[in-house]
$ cat input_20.cif   # mmCIF, C-alpha atoms and all ligand atoms
data_target
#
loop_
_atom_site.label_atom_id
_atom_site.label_comp_id
_atom_site.auth_asym_id
_atom_site.auth_seq_id
_atom_site.Cartn_x
_atom_site.Cartn_y
_atom_site.Cartn_z
CA MET A 1 75.86 93.09 56.25
CA SER A 2 74.89 91.21 59.43
CA LYS A 3 71.35 89.97 60.18
CA VAL A 4 71.75 91.54 63.61
CA ARG A 5 70.28 95.05 63.50
CA HIS A 6 70.17 96.39 67.00
CA ILE A 7 71.97 95.49 70.24
CA GLY A 8 71.93 96.77 73.79
CA ILE A 9 74.98 96.96 76.04
CA LEU A 10 75.44 97.57 79.74
CA THR A 11 78.21 97.77 82.32
CA GLY A 12 77.50 96.05 85.66
CA GLY A 13 79.18 95.50 89.01
CA GLY A 14 81.99 97.63 90.41
CA ASP A 15 83.53 99.96 87.86
CA CYS A 16 87.01 99.37 86.57
CA PRO A 17 89.52 101.11 84.30
CA GLY A 18 88.97 100.19 80.65
CA LEU A 19 85.15 100.12 80.61
CA ASN A 20 84.97 103.11 78.29
CA ALA A 21 87.49 101.52 75.92
CA VAL A 22 85.15 98.50 75.65
CA ILE A 23 82.04 100.68 75.14
CA ARG A 24 83.86 102.62 72.41
CA ALA A 25 85.08 99.46 70.68
CA ILE A 26 81.66 97.78 70.71
CA THR A 27 79.93 100.90 69.42
CA LYS A 28 82.46 101.64 66.67
CA SER A 29 82.82 98.05 65.51
CA ALA A 30 79.06 97.32 65.56
CA THR A 31 78.16 100.53 63.73
CA MET A 32 81.03 100.86 61.26
CA GLN A 33 81.79 97.22 60.47
CA TYR A 34 78.31 95.69 60.63
CA GLY A 35 75.75 98.53 60.43
CA ILE A 36 74.32 97.50 63.83
CA GLU A 37 72.69 100.17 65.99
CA VAL A 38 73.76 100.23 69.64
CA ILE A 39 72.03 101.51 72.74
CA GLY A 40 73.55 101.59 76.21
CA PHE A 41 71.45 100.90 79.31
CA MET A 42 72.18 103.22 82.23
CA ASP A 43 73.52 102.07 85.61
CA GLY A 44 73.83 98.37 84.84
CA PHE A 45 70.76 96.16 85.00
CA ARG A 46 68.76 98.94 86.66
CA GLY A 47 68.57 100.69 83.27
CA LEU A 48 67.28 97.51 81.64
CA VAL A 49 64.51 97.15 84.24
CA GLU A 50 63.58 100.84 84.20
CA ASN A 51 64.02 101.27 80.43
CA SER A 52 66.63 103.96 80.92
CA TYR A 53 69.12 104.06 78.04
CA MET A 54 71.05 106.24 75.60
CA ALA A 55 71.73 105.76 71.90
CA LEU A 56 75.44 105.24 71.23
CA ASP A 57 77.20 106.19 68.02
CA PRO A 58 80.83 106.53 66.95
CA ARG A 59 80.84 110.29 67.50
CA LEU A 60 79.51 110.00 71.03
CA VAL A 61 82.11 107.44 72.07
CA SER A 62 84.98 109.18 70.35
CA GLY A 63 87.84 110.14 72.68
CA ILE A 64 86.76 108.08 75.71
CA SER A 65 89.20 105.16 75.53
CA HIS A 66 91.66 106.73 77.95
CA THR A 67 89.05 107.84 80.49
CA GLY A 68 88.22 106.04 83.75
CA GLY A 69 84.75 105.00 84.95
CA THR A 70 81.91 104.21 82.55
CA ILE A 71 79.87 106.72 80.55
CA LEU A 72 76.88 104.41 81.11
CA GLY A 73 77.12 104.29 84.89
CA THR A 74 77.07 101.00 86.76
CA SER A 75 75.66 99.31 89.84
CA ASN A 76 76.70 96.31 91.89
CA ARG A 77 73.32 96.05 93.63
CA ASP A 78 70.64 95.82 90.94
CA ASN A 79 69.61 92.30 89.98
CA PRO A 80 66.44 92.10 87.81
CA PHE A 81 65.75 88.59 89.19
CA SER A 82 65.66 89.99 92.72
CA PHE A 83 65.06 93.68 92.18
CA VAL A 84 64.99 95.91 95.23
CA THR A 85 62.56 98.80 95.50
CA ILE A 86 62.73 101.05 98.54
CA THR A 87 59.29 101.51 100.09
CA GLN A 88 58.15 103.35 103.20
CA GLU A 89 58.10 100.02 105.03
CA GLY A 90 61.63 99.10 103.91
CA HIS A 91 62.85 96.92 101.02
CA LEU A 92 60.62 95.18 98.51
CA GLN A 93 62.33 92.41 96.47
CA THR A 94 60.61 91.28 93.27
CA ASP A 95 61.49 89.39 90.07
CA GLU A 96 61.54 92.05 87.35
CA SER A 97 63.29 89.93 84.72
CA ASP A 98 60.18 89.71 82.51
CA ARG A 99 59.80 93.48 82.66
CA ALA A 100 63.46 93.77 81.53
CA ILE A 101 62.85 91.30 78.69
CA GLY A 102 59.73 93.25 77.70
CA ASN A 103 61.85 96.41 77.44
CA LEU A 104 64.39 94.58 75.25
CA ARG A 105 61.60 93.39 72.93
CA ASN A 106 59.84 96.78 72.77
CA LEU A 107 63.13 98.39 71.77
CA GLY A 108 63.53 95.79 69.00
CA LEU A 109 66.88 94.61 70.36
CA ASP A 110 68.43 91.39 69.03
CA GLY A 111 70.19 90.85 72.35
CA LEU A 112 72.68 92.16 74.87
CA ILE A 113 76.41 92.51 75.33
CA VAL A 114 77.04 92.51 79.08
CA ILE A 115 80.32 93.84 80.48
CA GLY A 116 80.91 92.63 84.02
CA GLY A 117 82.45 90.37 86.62
CA ASP A 118 81.02 87.18 88.14
CA GLY A 119 77.90 88.78 89.67
CA THR A 120 76.93 90.59 86.48
CA LEU A 121 77.74 87.62 84.24
CA ASN A 122 75.67 85.37 86.52
CA ILE A 123 72.67 87.58 85.81
CA ALA A 124 73.58 87.63 82.09
CA SER A 125 73.62 83.84 82.14
CA GLN A 126 70.11 83.75 83.69
CA PHE A 127 68.81 85.99 80.88
CA TYR A 128 70.47 83.67 78.36
CA GLN A 129 68.67 80.73 79.98
CA LYS A 130 65.42 82.67 79.49
CA GLY A 131 66.12 82.85 75.75
CA ILE A 132 67.87 86.22 75.43
CA PRO A 133 70.91 86.25 73.11
CA VAL A 134 73.79 87.38 75.34
CA VAL A 135 77.55 87.80 74.94
CA GLY A 136 79.74 88.64 77.95
CA VAL A 137 82.94 90.68 78.36
CA PRO A 138 85.13 89.86 81.42
CA LYS A 139 85.70 92.85 83.69
CA THR A 140 87.14 93.17 87.18
CA ILE A 141 90.23 94.57 88.85
CA ASP A 142 90.30 91.36 90.94
CA ASN A 143 91.23 89.12 87.95
CA ASP A 144 89.21 86.36 89.60
CA LEU A 145 87.05 85.19 86.68
CA SER A 146 87.66 81.65 85.46
CA ALA A 147 88.10 80.80 81.76
CA THR A 148 90.17 83.87 80.94
CA ASP A 149 93.84 84.60 81.61
CA VAL A 150 93.20 88.27 82.31
CA THR A 151 90.21 90.55 82.92
CA PHE A 152 90.57 94.13 81.75
CA GLY A 153 91.17 96.64 84.56
CA PHE A 154 93.39 94.29 86.55
CA ASN A 155 96.69 95.55 85.20
CA THR A 156 95.77 99.18 85.85
CA ALA A 157 94.95 98.26 89.46
CA VAL A 158 98.31 96.48 89.74
CA ASN A 159 100.01 99.57 88.30
CA THR A 160 98.38 101.77 90.94
CA ALA A 161 99.27 99.38 93.78
CA SER A 162 102.83 98.98 92.53
CA ASP A 163 103.25 102.75 92.35
CA ALA A 164 101.93 103.01 95.91
CA LEU A 165 104.55 100.46 97.05
CA ASP A 166 107.33 102.47 95.36
CA ARG A 167 106.21 105.54 97.28
CA LEU A 168 105.91 103.65 100.56
CA HIS A 169 109.41 102.28 100.09
CA THR A 170 111.13 105.63 100.22
CA THR A 171 109.28 106.88 103.30
CA ALA A 172 109.61 103.47 105.03
CA GLU A 173 113.37 103.55 104.51
CA SER A 174 113.72 107.15 105.73
CA HIS A 175 111.86 106.42 108.98
CA HIS A 176 112.93 102.78 109.49
CA ARG A 177 109.29 101.77 109.62
CA VAL A 178 107.17 98.77 108.78
CA MET A 179 104.70 99.85 106.11
CA ILE A 180 101.59 97.80 105.37
CA LEU A 181 99.65 98.33 102.14
CA GLU A 182 96.17 96.78 102.02
CA VAL A 183 94.91 96.19 98.50
CA MET A 184 91.62 94.94 97.02
CA GLY A 185 90.96 91.61 95.30
CA ARG A 186 88.08 90.09 97.26
CA TYR A 187 88.72 86.36 97.81
CA SER A 188 91.80 86.15 95.61
CA GLY A 189 95.30 87.56 95.93
CA TRP A 190 96.12 88.50 92.33
CA ILE A 191 96.52 92.25 92.90
CA ALA A 192 98.62 91.75 96.05
CA LEU A 193 100.82 89.15 94.39
CA HIS A 194 101.48 91.05 91.17
CA ALA A 195 101.93 94.42 92.88
CA GLY A 196 104.05 92.83 95.61
CA ILE A 197 106.48 91.31 93.11
CA SER A 198 106.58 94.46 90.99
CA GLY A 199 106.94 96.75 94.03
CA SER A 200 109.58 94.56 95.76
CA ALA A 201 107.51 93.84 98.86
CA ASP A 202 109.21 91.85 101.61
CA VAL A 203 106.02 90.11 102.70
CA ILE A 204 102.98 89.31 100.53
CA LEU A 205 99.85 88.05 102.27
CA ILE A 206 97.07 86.53 100.16
CA PRO A 207 93.88 84.56 100.90
CA GLU A 208 95.29 81.47 99.17
CA ILE A 209 98.11 81.17 101.75
CA PRO A 210 96.95 81.71 105.36
CA PHE A 211 99.66 83.53 107.32
CA SER A 212 101.07 83.54 110.84
CA VAL A 213 102.18 86.72 112.57
CA ASP A 214 105.26 84.87 113.85
CA ALA A 215 106.39 84.22 110.28
CA ILE A 216 106.03 87.94 109.44
CA LEU A 217 108.03 88.83 112.57
CA LYS A 218 110.70 86.34 111.54
CA LYS A 219 111.04 88.03 108.15
CA ILE A 220 111.26 91.51 109.70
CA ALA A 221 113.92 90.27 112.15
CA GLU A 222 115.90 88.65 109.35
CA ARG A 223 115.92 91.97 107.46
CA TYR A 224 117.09 93.77 110.60
CA ARG A 225 120.02 91.38 110.88
CA GLN A 226 120.90 92.24 107.26
CA GLY A 227 120.91 95.94 108.14
CA LYS A 228 117.49 96.61 106.54
CA LYS A 229 115.63 98.51 109.18
CA PHE A 230 112.41 98.85 107.23
CA SER A 231 109.97 96.34 105.78
CA ILE A 232 107.18 96.51 103.24
CA ILE A 233 104.13 94.28 103.60
CA VAL A 234 101.41 94.09 100.97
CA ILE A 235 98.24 92.41 102.15
CA ALA A 236 95.17 91.42 100.15
CA GLU A 237 91.89 92.47 101.76
CA GLY A 238 90.85 88.80 101.81
CA ALA A 239 94.01 87.51 103.54
CA PHE A 240 93.52 85.79 106.90
CA PRO A 241 95.68 84.12 109.57
CA VAL A 242 95.97 80.35 109.98
CA GLY A 243 92.85 79.28 111.86
CA GLY A 244 91.36 82.77 111.53
CA GLU A 245 88.85 84.53 109.30
CA MET A 246 88.66 87.28 106.73
CA VAL A 247 87.88 90.75 108.10
CA VAL A 248 84.51 92.06 106.92
CA SER A 249 84.12 95.83 106.80
CA ASN A 250 80.42 96.04 105.89
CA TYR A 251 77.45 94.33 104.28
CA VAL A 252 75.54 95.50 101.21
CA PRO A 253 72.42 93.31 101.52
CA THR A 254 71.13 93.98 98.00
CA SER A 255 74.41 93.05 96.31
CA HIS A 256 75.06 89.69 94.56
CA ASP A 257 77.88 89.19 97.10
CA PRO A 258 76.86 91.29 100.13
CA ILE A 259 80.22 90.99 101.92
CA ARG A 260 82.69 93.87 101.68
CA LEU A 261 86.16 93.06 103.00
CA GLY A 262 88.58 95.47 104.65
CA GLY A 263 90.55 96.01 107.83
CA ILE A 264 93.02 93.12 107.85
CA GLY A 265 95.94 95.56 107.43
CA GLU A 266 95.09 97.28 110.72
CA LYS A 267 94.63 93.92 112.42
CA VAL A 268 98.11 92.74 111.35
CA ALA A 269 99.62 96.10 112.41
CA GLU A 270 98.04 95.69 115.84
CA ASP A 271 99.37 92.14 116.22
CA LEU A 272 102.89 93.09 115.05
CA GLY A 273 102.85 96.13 117.33
CA LYS A 274 102.40 93.92 120.40
CA VAL A 275 105.88 92.51 119.72
CA LEU A 276 107.70 95.24 117.78
CA ARG A 277 107.48 97.82 120.53
CA ASN A 278 110.28 100.03 119.21
CA VAL A 279 109.34 99.94 115.55
CA GLU A 280 106.70 102.22 114.12
CA ILE A 281 104.11 100.56 111.90
CA ARG A 282 101.85 102.42 109.46
CA VAL A 283 98.96 101.14 107.39
CA THR A 284 97.76 102.47 104.03
CA VAL A 285 94.48 101.18 102.61
CA LEU A 286 94.54 101.79 98.86
CA GLY A 287 90.79 101.20 98.43
CA HIS A 288 88.95 102.60 95.44
CA LEU A 289 92.02 104.40 94.10
CA GLN A 290 92.62 101.01 92.46
CA ARG A 291 89.35 101.28 90.56
CA GLY A 292 89.46 104.92 89.54
CA GLY A 293 91.38 106.87 86.95
CA SER A 294 92.72 106.33 83.50
CA PRO A 295 93.39 102.77 82.26
CA ILE A 296 96.99 101.98 81.36
CA PRO A 297 97.63 101.24 77.64
CA TYR A 298 97.43 97.45 78.27
CA ASP A 299 93.82 97.76 79.46
CA ARG A 300 92.85 100.18 76.68
CA ILE A 301 94.16 97.66 74.16
CA LEU A 302 92.63 94.62 75.89
CA GLY A 303 89.32 96.47 76.28
CA THR A 304 89.36 97.35 72.57
CA ARG A 305 90.14 93.75 71.60
CA TYR A 306 87.38 92.41 73.88
CA GLY A 307 84.84 94.94 72.55
CA VAL A 308 85.51 94.13 68.90
CA ALA A 309 85.57 90.38 69.60
CA ALA A 310 82.26 90.58 71.51
CA VAL A 311 80.55 92.13 68.48
CA GLN A 312 82.03 89.45 66.23
CA ALA A 313 80.86 86.71 68.63
CA PHE A 314 77.37 88.22 68.63
CA VAL A 315 77.25 88.43 64.83
CA ARG A 316 78.41 84.79 64.62
CA GLY A 317 75.53 83.84 66.93
CA GLU A 318 77.76 82.61 69.78
CA TYR A 319 75.15 83.36 72.42
CA GLY A 320 75.79 82.46 76.04
CA SER A 321 79.51 82.97 75.45
CA MET A 322 82.11 85.31 76.91
CA VAL A 323 85.16 86.66 75.11
CA SER A 324 88.33 85.55 76.84
CA LEU A 325 92.09 86.05 76.61
CA GLN A 326 93.97 82.77 76.27
CA GLY A 327 97.67 83.26 75.82
CA ALA A 328 97.97 85.87 73.10
CA GLU A 329 94.59 85.17 71.51
CA ILE A 330 91.03 86.27 72.14
CA LYS A 331 88.63 83.31 72.12
CA SER A 332 85.01 82.57 73.04
CA VAL A 333 84.11 80.43 76.07
CA PRO A 334 80.74 79.57 77.67
CA ILE A 335 79.77 82.19 80.28
CA ALA A 336 78.94 79.22 82.52
CA ASP A 337 82.64 78.25 82.57
CA ALA A 338 83.68 81.74 83.62
CA ILE A 339 81.33 81.97 86.60
CA LYS A 340 81.38 78.44 87.98
CA GLU A 341 84.18 79.21 90.45
CA ILE A 342 86.44 82.09 91.45
CA ARG A 343 89.91 81.90 89.88
CA LYS A 344 92.51 81.83 92.63
CA VAL A 345 96.26 82.15 92.86
CA ASP A 346 97.97 78.75 92.79
CA PRO A 347 100.13 78.62 95.96
CA ASN A 348 102.42 76.16 94.13
CA GLY A 349 102.47 78.07 90.86
CA ASP A 350 105.21 80.00 89.04
CA LEU A 351 104.39 83.43 90.39
CA VAL A 352 104.51 82.42 94.03
CA ALA A 353 107.70 80.43 93.35
CA ALA A 354 109.32 83.45 91.67
CA ALA A 355 108.45 85.66 94.63
CA ARG A 356 109.80 83.09 97.10
CA GLY A 357 112.91 82.85 94.91
CA VAL A 358 113.74 86.49 95.59
CA GLY A 359 113.17 86.12 99.31
CA VAL A 360 109.54 87.20 99.68
CA SER A 361 107.76 85.74 102.70
CA PHE A 362 104.12 84.69 102.35
CA GLY A 363 103.80 84.54 106.12
CA ASP A 364 103.84 80.74 106.11
CA ASP A 365 107.54 79.98 106.62
CA ILE A 366 108.01 79.48 110.32
O1 LIG A 401 85.26 93.46 92.74
C1 LIG A 401 85.90 94.69 92.71
C2 LIG A 401 86.07 95.27 94.08
O2 LIG A 401 86.75 96.49 93.99
C3 LIG A 401 86.75 94.34 95.09
O3 LIG A 401 88.16 94.29 94.93
C4 LIG A 401 86.29 94.94 96.38
O4 LIG A 401 86.30 93.97 97.39
C5 LIG A 401 84.88 95.39 96.08
O5 LIG A 401 84.80 95.52 94.67
C6 LIG A 401 84.50 96.71 96.70
O6 LIG A 401 83.15 96.97 96.40
P1 LIG A 401 82.43 98.36 96.69
O7 LIG A 401 82.76 99.29 95.55
O8 LIG A 401 80.99 98.00 96.74
O9 LIG A 401 82.97 98.91 97.97
#
$ encode --input "input_20.cif" --output "structure tokens" --more "lines below"
Ligand code: F6P
Amino acid sequence: MSKVRHIGILTGGGDCPGLNAVIRAITKSATMQYGIEVIGFMDGFRGLVENSYMALDPRLVSGISHTGGTILGTSNRDNPFSFVTITQEGHLQTDESDRAIGNLRNLGLDGLIVIGGDGTLNIASQFYQKGIPVVGVPKTIDNDLSATDVTFGFNTAVNTASDALDRLHTTAESHHRVMILEVMGRYSGWIALHAGISGSADVILIPEIPFSVDAILKKIAERYRQGKKFSIIVIAEGAFPVGGEMVVSNYVPTSHDPIRLGGIGEKVAEDLGKVLRNVEIRVTVLGHLQRGGSPIPYDRILGTRYGVAAVQAFVRGEYGSMVSLQGAEIKSVPIADAIKEIRKVDPNGDLVAAARGVGVSFGDDI
């Protein structure tokens, strides 16, 4: 039996398919394999600050692995180190980390397993530096965390985007249109690249490779000459033209990263439309459809592996670490390594080369 008796868990940041599979795996493994009691804080770090939680047990988490969202709720705005309270005068920002630590101690918790992306794991790392035993689990549809090959949720998002491209293909072909699909991913192009290859896009635009509208036009013209009167463009929300900037849709001032991207698809449609006067162009923004719904089996399995491995790492005393997929194996890495920089697509890597090999344009070949 483990010396660890009682742990808290929370899900932070934007939600993502597979969170419930992780919650289930942590709860079942901790309780059944090690006799550890588990509580779940509600709505990310807000629950830790406000002492809002629920007791988790194997019965309660039974049958949730295939469900989307998180039974604990989440938030991508609540940071205990800079906690926002709404007052009549506006926002009040205070450091509530000691209050959160007090709650952990009063509940008799041995530490925390934190499931999140870079923002959430940054906060987890600050708690670790204040002496709280913490283990992290890498979550995000963006797949942009360093020190892991894959975050859970990413492949479900790719599945959704790839399915959208399949659907756009048939209607694009019927109407001889240019169809643009804007996908999420923040500052990296993983979703666009994977979905674009899987969904046979003609043009893939990602933040790692600034594009030119002329190069996109060249690709569309080349397809016309081959008798292909339609074209499919997948564009990451963070993509931008050579010498230009990302398109910001709004700001969430209380968020770890306040910038929300969106709108580049419309911008490219407008620019193409100035030249392609006789071709109809339509834009679909996939948005939060990529985050919602049931995780595909890959993410249920990865989430289960991560959850069980996180409990093992905690029991072994590997505090300040994050479970990570490396090749076929789950390993432990320092959280600090995962959050030091965003993981980006390598413009000279295999995936981009494979896409170029089948004729995909990245908007840079003029
Ligand atoms: O990080 C996940 C993500 O879905 C990004 O791809 C996207 O840019 C952002 O979150 C959207 O955040 P929100 O849910 O606050 O609109």
$ atom_distance --input "input_20.cif" --atom1 "CA of Gly238 in chain A" --atom2 "CA of Tyr187 in chain A"
5.1 Å
$ axis_aligned_box --input "input_20.cif" --around "ligand LIG 401 (chain A)" --padding-each-side "6 Å" --output "lines of an AutoDock Vina configuration file"
center_x = 84.6
center_y = 96.4
center_z = 95.3
size_x = 19.2
size_y = 17.8
size_z = 17.3
$ residues_near_ligand --input "input_20.cif" --ligand "ligand LIG 401 (chain A)" --cutoff "7 Å" --atoms "all atoms listed in the file" --output "VMD selection string"
chain A and resid 14 76 140 to 142 184 to 186 260 to 261 288 291
$ closest_residue --input "input_20.cif" --among "A:Asp118, A:Ser200, A:Ile86, A:Ile71" --to "Ala147 in chain A" --atoms "all atoms listed in the file"
A:Asp118
$ residues_near_point --input "input_20.cif" --point "(67.4, 90.2, 92.4)" --cutoff "8 Å" --atoms "all atoms listed in the file" --output "compact mmCIF listing (two decimals) with C-alpha atoms, in the frame of the given file"
# COMPACT_ATOMS: atom_id res chain seq x y z
CA ASP A 78 70.64 95.82 90.94
CA ASN A 79 69.61 92.30 89.98
CA PRO A 80 66.44 92.10 87.81
CA PHE A 81 65.75 88.59 89.19
CA SER A 82 65.66 89.99 92.72
CA PHE A 83 65.06 93.68 92.18
CA VAL A 84 64.99 95.91 95.23
CA GLN A 93 62.33 92.41 96.47
CA THR A 94 60.61 91.28 93.27
CA ASP A 95 61.49 89.39 90.07
CA GLU A 96 61.54 92.05 87.35
CA THR A 254 71.13 93.98 98.00
CA HIS A 256 75.06 89.69 94.56
$ atom_distance --input "input_20.cif" --atom1 "CA of His66 in chain A" --atom2 "CA of Ser294 in chain A"
5.7 Å
$ closest_residue --input "input_20.cif" --among "A:Leu112, A:Val352, A:Cys16, A:Ala309" --to "Ser332 in chain A" --atoms "only C-alpha atoms"
A:Ala309
$ atom_distance --input "input_20.cif" --atom1 "CA of His175 in chain A" --atom2 "CA of Phe230 in chain A"
7.8 Å
$ closest_residue --input "input_20.cif" --among "A:Val61, A:Ala239, A:Ile7, A:Ile36" --to "Leu107 in chain A" --atoms "only C-alpha atoms"
A:Ile7
$ closest_residue --input "input_20.cif" --among "A:Ala354, A:Met179, A:Leu48, A:Ile115" --to "Ile101 in chain A" --atoms "only C-alpha atoms"
A:Leu48
$ closest_residue --input "input_20.cif" --among "A:Asp98, A:Gly303, A:Lys267, A:Ser2" --to "Gln126 in chain A" --atoms "only C-alpha atoms"
A:Asp98
$ closest_residue --input "input_20.cif" --among "A:Thr85, A:Asn122, A:Gly90, A:Ala161" --to "Gly287 in chain A" --atoms "only C-alpha atoms"
A:Ala161
$ residues_around --input "input_20.cif" --residues "Ile180 in chain A" --least-positions-apart "3" --cutoff "6 Å" --atoms "all atoms listed in the file" --output "mmCIF file with C-alpha atoms, in the frame of the given file"
data_model
loop_
_atom_site.group_PDB
_atom_site.id
_atom_site.type_symbol
_atom_site.label_atom_id
_atom_site.label_comp_id
_atom_site.auth_asym_id
_atom_site.auth_seq_id
_atom_site.Cartn_x
_atom_site.Cartn_y
_atom_site.Cartn_z
ATOM 1 C CA ILE A 233 104.130 94.280 103.600
ATOM 2 C CA VAL A 234 101.410 94.090 100.970
ATOM 3 C CA VAL A 283 98.960 101.140 107.390
#
$ residues_around --input "input_20.cif" --residues "Val333 in chain A" --least-positions-apart "4" --cutoff "9 Å" --atoms "all atoms listed in the file" --output "MDAnalysis selection string"
chainID A and resid 147:148 320:324 337:338
$ residues_around --input "input_20.cif" --residues "Met54 in chain A" --least-positions-apart "4" --cutoff "12 Å" --atoms "all atoms listed in the file" --output "MDAnalysis selection string"
chainID A and resid 8:10 37:43 47:48 60:61 71:73 107
$ write_last_selection --input "input_20.cif" --atoms "C-alpha atoms" --output "compact mmCIF listing (two decimals), keeping the file's coordinate frame"
# COMPACT_ATOMS: atom_id res chain seq x y z
CA GLY A 8 71.93 96.77 73.79
CA ILE A 9 74.98 96.96 76.04
CA LEU A 10 75.44 97.57 79.74
CA GLU A 37 72.69 100.17 65.99
CA VAL A 38 73.76 100.23 69.64
CA ILE A 39 72.03 101.51 72.74
CA GLY A 40 73.55 101.59 76.21
CA PHE A 41 71.45 100.90 79.31
CA MET A 42 72.18 103.22 82.23
CA ASP A 43 73.52 102.07 85.61
CA GLY A 47 68.57 100.69 83.27
CA LEU A 48 67.28 97.51 81.64
CA LEU A 60 79.51 110.00 71.03
CA VAL A 61 82.11 107.44 72.07
CA ILE A 71 79.87 106.72 80.55
CA LEU A 72 76.88 104.41 81.11
CA GLY A 73 77.12 104.29 84.89
CA LEU A 107 63.13 98.39 71.77
$ residues_near_point --input "input_20.cif" --point "(75.0, 78.8, 82.1)" --cutoff "7 Å" --atoms "all atoms listed in the file" --output "PyMOL selection string"
chain A and resi 125+129+335-336
$ build_atoms --input "input_20.cif" --residues "range 3-18 of chain A" --atoms "N, CA and C atoms" --output "JSON list (two decimals), in the frame of the given file"
[["chain", "number", "residue", "atom", "x", "y", "z"],
["A", 3, "LYS", "N", 72.81, 90.04, 59.95],
["A", 3, "LYS", "CA", 71.35, 89.97, 60.18],
["A", 3, "LYS", "C", 70.99, 90.69, 61.48],
["A", 4, "VAL", "N", 71.99, 90.83, 62.35],
["A", 4, "VAL", "CA", 71.75, 91.54, 63.61],
["A", 4, "VAL", "C", 71.59, 93.02, 63.29],
["A", 5, "ARG", "N", 70.55, 93.65, 63.82],
["A", 5, "ARG", "CA", 70.28, 95.05, 63.50],
["A", 5, "ARG", "C", 70.51, 95.99, 64.67],
["A", 6, "HIS", "N", 70.29, 95.47, 65.88],
["A", 6, "HIS", "CA", 70.17, 96.39, 67.00],
["A", 6, "HIS", "C", 70.57, 95.67, 68.30],
["A", 7, "ILE", "N", 71.61, 96.14, 68.98],
["A", 7, "ILE", "CA", 71.97, 95.49, 70.24],
["A", 7, "ILE", "C", 71.99, 96.49, 71.40],
["A", 8, "GLY", "N", 71.81, 95.95, 72.59],
["A", 8, "GLY", "CA", 71.93, 96.77, 73.79],
["A", 8, "GLY", "C", 73.21, 96.35, 74.53],
["A", 9, "ILE", "N", 73.82, 97.32, 75.21],
["A", 9, "ILE", "CA", 74.98, 96.96, 76.04],
["A", 9, "ILE", "C", 74.79, 97.55, 77.43],
["A", 10, "LEU", "N", 75.45, 96.97, 78.40],
["A", 10, "LEU", "CA", 75.44, 97.57, 79.74],
["A", 10, "LEU", "C", 76.71, 97.19, 80.49],
["A", 11, "THR", "N", 77.06, 98.05, 81.44],
["A", 11, "THR", "CA", 78.21, 97.77, 82.32],
["A", 11, "THR", "C", 77.66, 97.53, 83.73],
["A", 12, "GLY", "N", 78.04, 96.38, 84.34],
["A", 12, "GLY", "CA", 77.50, 96.05, 85.66],
["A", 12, "GLY", "C", 78.59, 95.75, 86.66],
["A", 13, "GLY", "N", 78.22, 95.78, 87.94],
["A", 13, "GLY", "CA", 79.18, 95.50, 89.01],
["A", 13, "GLY", "C", 80.02, 96.74, 89.33],
["A", 14, "GLY", "N", 81.10, 96.51, 90.08],
["A", 14, "GLY", "CA", 81.99, 97.63, 90.41],
["A", 14, "GLY", "C", 82.66, 98.15, 89.16],
["A", 15, "ASP", "N", 82.89, 99.46, 89.08],
["A", 15, "ASP", "CA", 83.53, 99.96, 87.86],
["A", 15, "ASP", "C", 84.99, 99.56, 87.83],
["A", 16, "CYS", "N", 85.63, 99.82, 86.72],
["A", 16, "CYS", "CA", 87.01, 99.37, 86.57],
["A", 16, "CYS", "C", 87.64, 100.06, 85.36],
["A", 17, "PRO", "N", 88.92, 100.38, 85.42],
["A", 17, "PRO", "CA", 89.52, 101.11, 84.30],
["A", 17, "PRO", "C", 89.50, 100.28, 83.02],
["A", 18, "GLY", "N", 89.04, 100.89, 81.94],
["A", 18, "GLY", "CA", 88.97, 100.19, 80.65],
["A", 18, "GLY", "C", 87.54, 100.01, 80.16]]
